[in-house]
Number of protein chains: 2
Amino acid sequence: MVTINDIARQAGVSRTTVSRVLNQNGYVSDRAKTKVLEVIEETGYVPSEQAKSLRTKKTNVIGVILPRLSSETVSRVVDGMDRELAKAGYQILLSSTSLETEKEADHIRLLESRRVDGIVLFGTHKDEAILNAIKQAKVPVVVLGQDFTPHVSSVVYNDYEASRAAVAALADVGHEKIGFIGVDEADIAVGQERRRGYLDEMKSRGFAVLPEWMQTAGFDMASGSEAFQKMLEYSQTRPTAVFAVTDRLAIGAMQRAKDAGMSVPGEMAFISIGASEASQVVTPKLATVDYYNEDAGMSIASLILEEIDEDMKDAKKIVMNYGLLLRDSLC
Amino acid sequence: MVTINDIARQAGVSRTTVSRVLNQNGYVSDRAKTKVLEVIEETGYVPSEQAKSLRTKKTNVIGVILPRLSSETVSRVVDGMDRELAKAGYQILLSSTSLETEKEADHIRLLESRRVDGIVLFGTHKDEAILNAIKQAKVPVVVLGQDFTPHVSSVVYNDYEASRAAVAALADVGHEKIGFIGVDEADIAVGQERRRGYLDEMKSRGFAVLPEWMQTAGFDMASGSEAFQKMLEYSQTRPTAVFAVTDRLAIGAMQRAKDAGMSVPGEMAFISIGASEASQVVTPKLATVDYYNEDAGMSIASLILEEIDEDMKDAKKIVMNYGLLLRDSLC
DNA sequence: TTGTACGCGTTATCAC
DNA sequence: GTGATAACGCGTACAA
């Protein structure tokens with residue numbers, strides 16, 4: 001690999017001069033300049049960002065810790081992030097936990113060893129371990145999707161309000177008996193907040209909630225389907241609508257409903273959160289909440305850049321907007 | 001940021017000793033060892049992979065150039081890649097062209113400046129410029145999705161055979177008048193090979209192909225819908241089935257067919273390539289070809305690692321398998 | 001068993 | 001205008 005020394009030698013100047021023409025600072029004669037550029041062109045020399053970083057203590061790389069890439073929401077967010085970061089000359093170094101979320105702390109250290117300028121963590125849960133790991137970190141860390149303020153700056157979706165809005169949408173078209181399909185509560189945002197939103201909205205409207213109406217599922221369609229099945233089996237009083245915390249769960253449940261011969265939304269209405277591509281191609285089209293993932297990505301990117309540039313006094317919290325997509329599965 | 005020197009000083013030994021306990025090579029007394037580990041623990045010292053790389057000329061980072069992440073196939077492939085690379089201790093540095101595919105060459109240089117150990121390029125087209133850029137590169141480059149052999153090692157999907165198989169599947173259930181929705185031919189794999197597969201299969205079966213039956217579309221559903229519309233408008237003889245080169249196009253077309261009151265698959269059957277999540281939730285379920293994207297990701301990962309480890313004599317070509325998913329839209 | 005000295009490819013600080 | 005020279009954080013002969 002050709003180095004700055006090779007260029008200097010071949011151009012008959014010193015390293016310093018080469019560096020000067022490369023970074024266009026300091027004075028350098030036209031003669032030397034053209035000669036240097038010429039040699040660079042010939043040799044196909046590419047300066048080592050790596051060596052530069054060692055010296056400048058800046059890599060222009062942001063580490064991103066995520067559970068897995070092949071998820072529509074995640075990849076959208078990363079896309080948005082990348083667009084924003086690229087503008088500022090940063091690149092993304094991926095660090096996937098492969099759903100082993102307990103390893104998030106290790107990934108922080110891994111990225112630190114690479115001397116990334118900052119870390120974006122896709123929040124999957126919230127406990128002491130991860131919180132400590134972030135505090136120990138010597139580079140700025142920001143979290144997306146879980147509220148780690150006031151300790152760590154975060155970009156969060158408005159899970160509580162979005163859930164209330166979704167349930168309200170069902171209520172507005174006349175439903176009172178509304179079931180819920182949620183996920184594990186270790187995930188504060190998706191597990192707890194969305195559940196809380198559901199319960200509060202039901203309560204504020206004076207709607208009763210039977211225990212059997214609340215089911216917990218995993219992350220795939222089959223799981224949503226099972227949860228829906230249980231809801232029907234164990235309950236004397238069948239709900240007329242279901243709010244599922246993710247599109248996948250809703251689609252699984254809706255499929256089961258259709259298979260059972262129920263008319264959707266006539267006998268059973270559905271709404272969820274995600275605005276996935278699948279949600280707009282199922283029949284009927286699934287009513288859902290758009291979380292504007294790309295925007296979230298851009299926000300989290302801006303946030304980490306901010307933390308890198310200026311030493312922030314205290315943690316910042318950005319709450320994303322959401323948009324209700326009232327589609328055919330609603331009524 | 002605490003360095004190896006700080007550790008050495010605080011532990012009362014030399015840098016060399018610290019380095020030895022870190023890399024567990026060479027002899028080091030138990031006393032020194034425990035002392036060093038103790039100090040490391042206290043300070044939260046994380047060795048700089050960056051500085052190490054400068055010395056060892058190995059970053060353990062693979063650069064990945066892709067058009068955009070928020071595509072189901074792309075994110076699946078990257079997921080597969082990452083899984084395989086992580087096993088070998090590598091991480092992925094993303095470099096998205098944001099669909100400006102003419103910038104692929106620039107991205108190769110960008111990644112070279114970061115001194116990545118190897119580059120994986122998601123092939124979007126094939127021309128002199130990109131081929132030269134790859135040849136100029138001083139690090140191994142492999143391509144996924146376009147056949148760059150014998151110049152550059154590639155992992156390719158079997159676009160030609162998959163297309164023939166898809167068309168054959170339609171023929172096997174009785175269709176003879178089969179339309180085609182393709183994409184721009186700058187993309188050799190998707191644009192040309194799939195088209196060629198379609199034409200050859202039609203020809204081999206002695207089926208006529210009217211020019212109006214062959215439409216070119218973009219990448220979104222709306223585009224597929226339009227293409228289908230044109231196919232019907234401009235042709236006296238309406239096809240009874242359509243092969244679209246991507247799921248999105250097929251779903252767009254199918255939607256249009258349903259909107260126009262045609263029964264699917266009764267009056268119009270569909271098949272495509274992609275096996276997207278959307279393909280299994282549309283009604284009727286879309287027949288499609290699974291390209292096993294995760295496997296492709298693992299293959300391309302293995303390939304680049306191979307090129308890094310041993311100086312390959314000549315370019316290798318790996319042709320991926322595919323699987324036909326015969327679903328409801330077929331008959 | 002441990003330490004010295006040098007180099008990896010840059011940038012920054014001087015002095016000329 | 002230009003060029004030595006010293007860092008940056010680490011690995012590794014070579015010596016001791």
# chains A, B, ... in the order shown; residues from 1 in each chain; ligands from 1
call {"tool": "calpha_fit_rmsd", "arguments": {"fixed": "chain A", "moving": "chain B"}}
result
0.1 Å
call {"tool": "interface_residues", "arguments": {"of": "chain C", "to": "chain A", "cutoff": "9 Å", "atoms": "only C-alpha atoms (C1' of nucleotides)", "output": "number ranges by chain"}}
result
C: 8-11
call {"tool": "interface_residues", "arguments": {"of": "chain D", "to": "chain B", "cutoff": "10 Å", "atoms": "only C-alpha atoms (C1' of nucleotides)", "output": "list in words"}}
result
DC8, DG9, DC10, DG11 and DT12 of chain D
call {"tool": "select_by_dssp", "arguments": {"residues": "stretch 238-273 of chain A", "states": "alpha helix (DSSP H)", "output": "ChimeraX atom specification"}}
result
/A:247-259
call {"tool": "interface_residues", "arguments": {"of": "chain A", "to": "chain B", "cutoff": "7 Å", "atoms": "only C-alpha atoms", "output": "VMD selection string"}}
result
chain A and resid 46 to 51 54 68 to 70 72 75 to 76 79 91 to 95 113 to 115 277 to 278 281 to 283
call {"tool": "residues_around", "arguments": {"residues": "A:Val120", "least_positions_apart": "4", "cutoff": "9 Å", "atoms": "only C-alpha atoms (C1' of nucleotides)", "output": "list in words"}}
result
Ile62, Gly63, Val64, Ile65, Leu66, Pro140, Val141, Val142, Val143, Leu144, Ile300, Ala301 and Ile304 of chain A
call {"tool": "residues_around", "arguments": {"residues": "C:DT2", "least_positions_apart": "3", "cutoff": "9 Å", "atoms": "only C-alpha atoms (C1' of nucleotides)", "output": "PyMOL selection string"}}
result
(chain B and resi 13-14+16-17+27-28) or (chain D and resi 16)
call {"tool": "residues_around", "arguments": {"residues": "A:Ala257", "least_positions_apart": "5", "cutoff": "10 Å", "atoms": "only C-alpha atoms (C1' of nucleotides)", "output": "list in words"}}
result
Ser225, Phe228, Gln229, Leu232, Ile251, Gly252, Met262, Ser263, Val264, Pro265, Glu267, Met268 and Ala269 of chain A
call {"tool": "write_last_selection", "arguments": {"atoms": "C-alpha atoms", "output": "mmCIF file, in the first residue's frame"}}
result
data_model
loop_
_atom_site.group_PDB
_atom_site.id
_atom_site.type_symbol
_atom_site.label_atom_id
_atom_site.label_comp_id
_atom_site.auth_asym_id
_atom_site.auth_seq_id
_atom_site.Cartn_x
_atom_site.Cartn_y
_atom_site.Cartn_z
ATOM 1 C CA SER A 225 -52.325 -15.643 15.392
ATOM 2 C CA PHE A 228 -55.808 -14.020 18.960
ATOM 3 C CA GLN A 229 -56.950 -17.605 19.155
ATOM 4 C CA LEU A 232 -61.389 -16.022 21.620
ATOM 5 C CA ILE A 251 -51.670 -9.437 10.454
ATOM 6 C CA GLY A 252 -51.261 -12.836 12.079
ATOM 7 C CA MET A 262 -65.100 -13.901 10.498
ATOM 8 C CA SER A 263 -65.620 -10.843 8.362
ATOM 9 C CA VAL A 264 -62.978 -8.149 8.816
ATOM 10 C CA PRO A 265 -63.670 -5.457 9.821
ATOM 11 C CA GLU A 267 -67.113 -8.803 12.917
ATOM 12 C CA MET A 268 -63.597 -7.997 13.987
ATOM 13 C CA ALA A 269 -61.656 -4.804 13.410
#
call {"tool": "residues_around", "arguments": {"residues": "B:Ala275", "least_positions_apart": "4", "cutoff": "7 Å", "atoms": "only C-alpha atoms (C1' of nucleotides)", "output": "PyMOL selection string"}}
result
chain B and resi 279+288-290
call {"tool": "write_last_selection", "arguments": {"atoms": "all heavy atoms", "output": "PDB file, in the first residue's frame"}}
result
ATOM      1  N   SER B 279     -45.383 -10.658  -0.004  1.00  0.00           N
ATOM      2  CA  SER B 279     -45.894 -11.677  -0.925  1.00  0.00           C
ATOM      3  C   SER B 279     -46.726 -12.733  -0.201  1.00  0.00           C
ATOM      4  O   SER B 279     -47.589 -13.358  -0.801  1.00  0.00           O
ATOM      5  CB  SER B 279     -44.741 -12.356  -1.669  1.00  0.00           C
ATOM      6  OG  SER B 279     -44.043 -13.257  -0.828  1.00  0.00           O
ATOM      7  N   THR B 288     -44.040 -17.000  -5.880  1.00  0.00           N
ATOM      8  CA  THR B 288     -42.799 -16.248  -6.089  1.00  0.00           C
ATOM      9  C   THR B 288     -41.600 -17.178  -5.963  1.00  0.00           C
ATOM     10  O   THR B 288     -41.745 -18.372  -5.701  1.00  0.00           O
ATOM     11  CB  THR B 288     -42.707 -15.091  -5.062  1.00  0.00           C
ATOM     12  OG1 THR B 288     -41.552 -14.318  -5.316  1.00  0.00           O
ATOM     13  CG2 THR B 288     -42.643 -15.640  -3.649  1.00  0.00           C
ATOM     14  N   VAL B 289     -40.415 -16.617  -6.173  1.00  0.00           N
ATOM     15  CA  VAL B 289     -39.199 -17.415  -6.075  1.00  0.00           C
ATOM     16  C   VAL B 289     -38.380 -16.908  -4.896  1.00  0.00           C
ATOM     17  O   VAL B 289     -38.119 -15.715  -4.788  1.00  0.00           O
ATOM     18  CB  VAL B 289     -38.355 -17.305  -7.361  1.00  0.00           C
ATOM     19  CG1 VAL B 289     -37.050 -18.078  -7.198  1.00  0.00           C
ATOM     20  CG2 VAL B 289     -39.140 -17.803  -8.557  1.00  0.00           C
ATOM     21  N   ASP B 290     -38.012 -17.835  -4.038  1.00  0.00           N
ATOM     22  CA  ASP B 290     -37.200 -17.452  -2.889  1.00  0.00           C
ATOM     23  C   ASP B 290     -35.733 -17.516  -3.271  1.00  0.00           C
ATOM     24  O   ASP B 290     -35.242 -18.540  -3.730  1.00  0.00           O
ATOM     25  CB  ASP B 290     -37.482 -18.423  -1.718  1.00  0.00           C
ATOM     26  CG  ASP B 290     -36.882 -17.918  -0.416  1.00  0.00           C
ATOM     27  OD1 ASP B 290     -36.022 -17.009  -0.471  1.00  0.00           O
ATOM     28  OD2 ASP B 290     -37.257 -18.433   0.649  1.00  0.00           O
TER      29      ASP B 290
END
call {"tool": "atom_distance", "arguments": {"atom1": "atom CA of B:Glu161", "atom2": "atom CA of B:Pro67"}}
result
25.0 Å
call {"tool": "atom_distance", "arguments": {"atom1": "atom CA of B:Gln24", "atom2": "atom CA of B:Lys87"}}
result
20.8 Å
call {"tool": "atom_distance", "arguments": {"atom1": "atom CA of B:Val242", "atom2": "atom CA of B:Thr124"}}
result
24.3 Å
call {"tool": "select_by_dssp", "arguments": {"residues": "stretch 255-330 of chain A", "states": "strand (DSSP E)", "output": "ChimeraX atom specification"}}
result
/A:269-273,287-290,317-319,323-325
call {"tool": "residues_around", "arguments": {"residues": "C:DC14", "least_positions_apart": "4", "cutoff": "10 Å", "atoms": "only C-alpha atoms (C1' of nucleotides)", "output": "number ranges by chain"}}
result
D: 4-6
call {"tool": "closest_residue", "arguments": {"among": "A:Ala189, A:Gln215, A:Asp247, A:Gly297", "to": "A:Glu233", "atoms": "only C-alpha atoms"}}
result
A:Gln215
call {"tool": "decode", "arguments": {"residues": "stretch 36-68 of chain A", "atoms": "N, CA and C atoms", "output": "CSV table (one decimal), in the first residue's frame"}}
result
chain,number,residue,atom,x,y,z
A,36,VAL,N,3.2,17.0,-6.9
A,36,VAL,CA,2.7,16.1,-5.9
A,36,VAL,C,1.4,15.5,-6.4
A,37,LEU,N,0.5,16.3,-6.9
A,37,LEU,CA,-0.8,15.8,-7.4
A,37,LEU,C,-0.6,14.8,-8.5
A,38,GLU,N,0.4,15.1,-9.3
A,38,GLU,CA,0.8,14.3,-10.4
A,38,GLU,C,1.1,12.9,-9.9
A,39,VAL,N,2.0,12.9,-9.0
A,39,VAL,CA,2.5,11.6,-8.4
A,39,VAL,C,1.3,10.8,-7.8
A,40,ILE,N,0.5,11.6,-7.1
A,40,ILE,CA,-0.7,10.9,-6.4
A,40,ILE,C,-1.5,10.2,-7.5
A,41,GLU,N,-1.7,11.0,-8.5
A,41,GLU,CA,-2.6,10.4,-9.6
A,41,GLU,C,-2.0,9.1,-10.2
A,42,GLU,N,-0.7,9.2,-10.4
A,42,GLU,CA,0.0,8.1,-11.0
A,42,GLU,C,-0.1,6.8,-10.1
A,43,THR,N,0.2,7.0,-8.9
A,43,THR,CA,0.3,5.9,-8.0
A,43,THR,C,-1.1,5.4,-7.4
A,44,GLY,N,-2.1,6.2,-7.6
A,44,GLY,CA,-3.4,5.8,-7.0
A,44,GLY,C,-3.4,5.8,-5.5
A,45,TYR,N,-2.6,6.8,-5.0
A,45,TYR,CA,-2.4,6.9,-3.5
A,45,TYR,C,-3.7,7.3,-2.9
A,46,VAL,N,-4.1,6.6,-1.8
A,46,VAL,CA,-5.3,7.0,-1.0
A,46,VAL,C,-4.8,7.2,0.4
A,47,PRO,N,-4.9,8.4,1.0
A,47,PRO,CA,-4.4,8.7,2.3
A,47,PRO,C,-5.1,7.8,3.3
A,48,SER,N,-4.4,7.4,4.3
A,48,SER,CA,-5.0,6.5,5.3
A,48,SER,C,-5.8,7.2,6.4
A,49,GLU,N,-7.1,7.1,6.3
A,49,GLU,CA,-7.9,7.8,7.3
A,49,GLU,C,-7.6,7.2,8.7
A,50,GLN,N,-7.1,6.0,8.7
A,50,GLN,CA,-6.8,5.3,9.9
A,50,GLN,C,-5.7,5.9,10.6
A,51,ALA,N,-4.6,6.2,9.9
A,51,ALA,CA,-3.4,6.8,10.5
A,51,ALA,C,-3.8,8.2,10.9
A,52,LYS,N,-4.6,8.9,10.1
A,52,LYS,CA,-5.0,10.2,10.4
A,52,LYS,C,-5.8,10.3,11.7
A,53,SER,N,-6.7,9.3,11.8
A,53,SER,CA,-7.5,9.3,13.0
A,53,SER,C,-6.6,9.1,14.3
A,54,LEU,N,-5.6,8.3,14.1
A,54,LEU,CA,-4.8,8.1,15.3
A,54,LEU,C,-4.2,9.4,15.8
A,55,ARG,N,-3.9,10.2,14.8
A,55,ARG,CA,-3.3,11.5,15.1
A,55,ARG,C,-4.4,12.5,15.6
A,56,THR,N,-5.4,12.6,14.9
A,56,THR,CA,-6.4,13.6,15.1
A,56,THR,C,-7.5,13.2,16.2
A,57,LYS,N,-7.5,11.9,16.5
A,57,LYS,CA,-8.4,11.4,17.5
A,57,LYS,C,-9.8,11.6,17.1
A,58,LYS,N,-10.0,11.4,15.8
A,58,LYS,CA,-11.4,11.5,15.2
A,58,LYS,C,-11.5,10.5,14.1
A,59,THR,N,-12.5,9.6,14.2
A,59,THR,CA,-12.6,8.6,13.1
A,59,THR,C,-13.6,8.9,12.1
A,60,ASN,N,-14.6,9.8,12.5
A,60,ASN,CA,-15.7,10.0,11.6
A,60,ASN,C,-16.5,8.7,11.4
A,61,VAL,N,-16.6,7.9,12.4
A,61,VAL,CA,-17.4,6.7,12.3
A,61,VAL,C,-18.3,6.7,13.5
A,62,ILE,N,-19.5,6.3,13.2
A,62,ILE,CA,-20.5,6.2,14.3
A,62,ILE,C,-20.9,4.7,14.4
A,63,GLY,N,-20.8,4.2,15.6
A,63,GLY,CA,-21.1,2.8,15.8
A,63,GLY,C,-22.6,2.6,16.0
A,64,VAL,N,-23.2,1.6,15.5
A,64,VAL,CA,-24.7,1.4,15.6
A,64,VAL,C,-24.9,0.0,16.1
A,65,ILE,N,-25.5,0.0,17.3
A,65,ILE,CA,-25.8,-1.3,17.9
A,65,ILE,C,-27.3,-1.6,17.7
A,66,LEU,N,-27.6,-2.7,17.1
A,66,LEU,CA,-29.0,-3.1,16.8
A,66,LEU,C,-29.2,-4.6,17.0
A,67,PRO,N,-30.5,-4.9,17.2
A,67,PRO,CA,-30.8,-6.4,17.5
A,67,PRO,C,-30.6,-7.2,16.2
A,68,ARG,N,-31.0,-6.6,15.1
A,68,ARG,CA,-30.8,-7.3,13.8
A,68,ARG,C,-31.3,-6.3,12.7
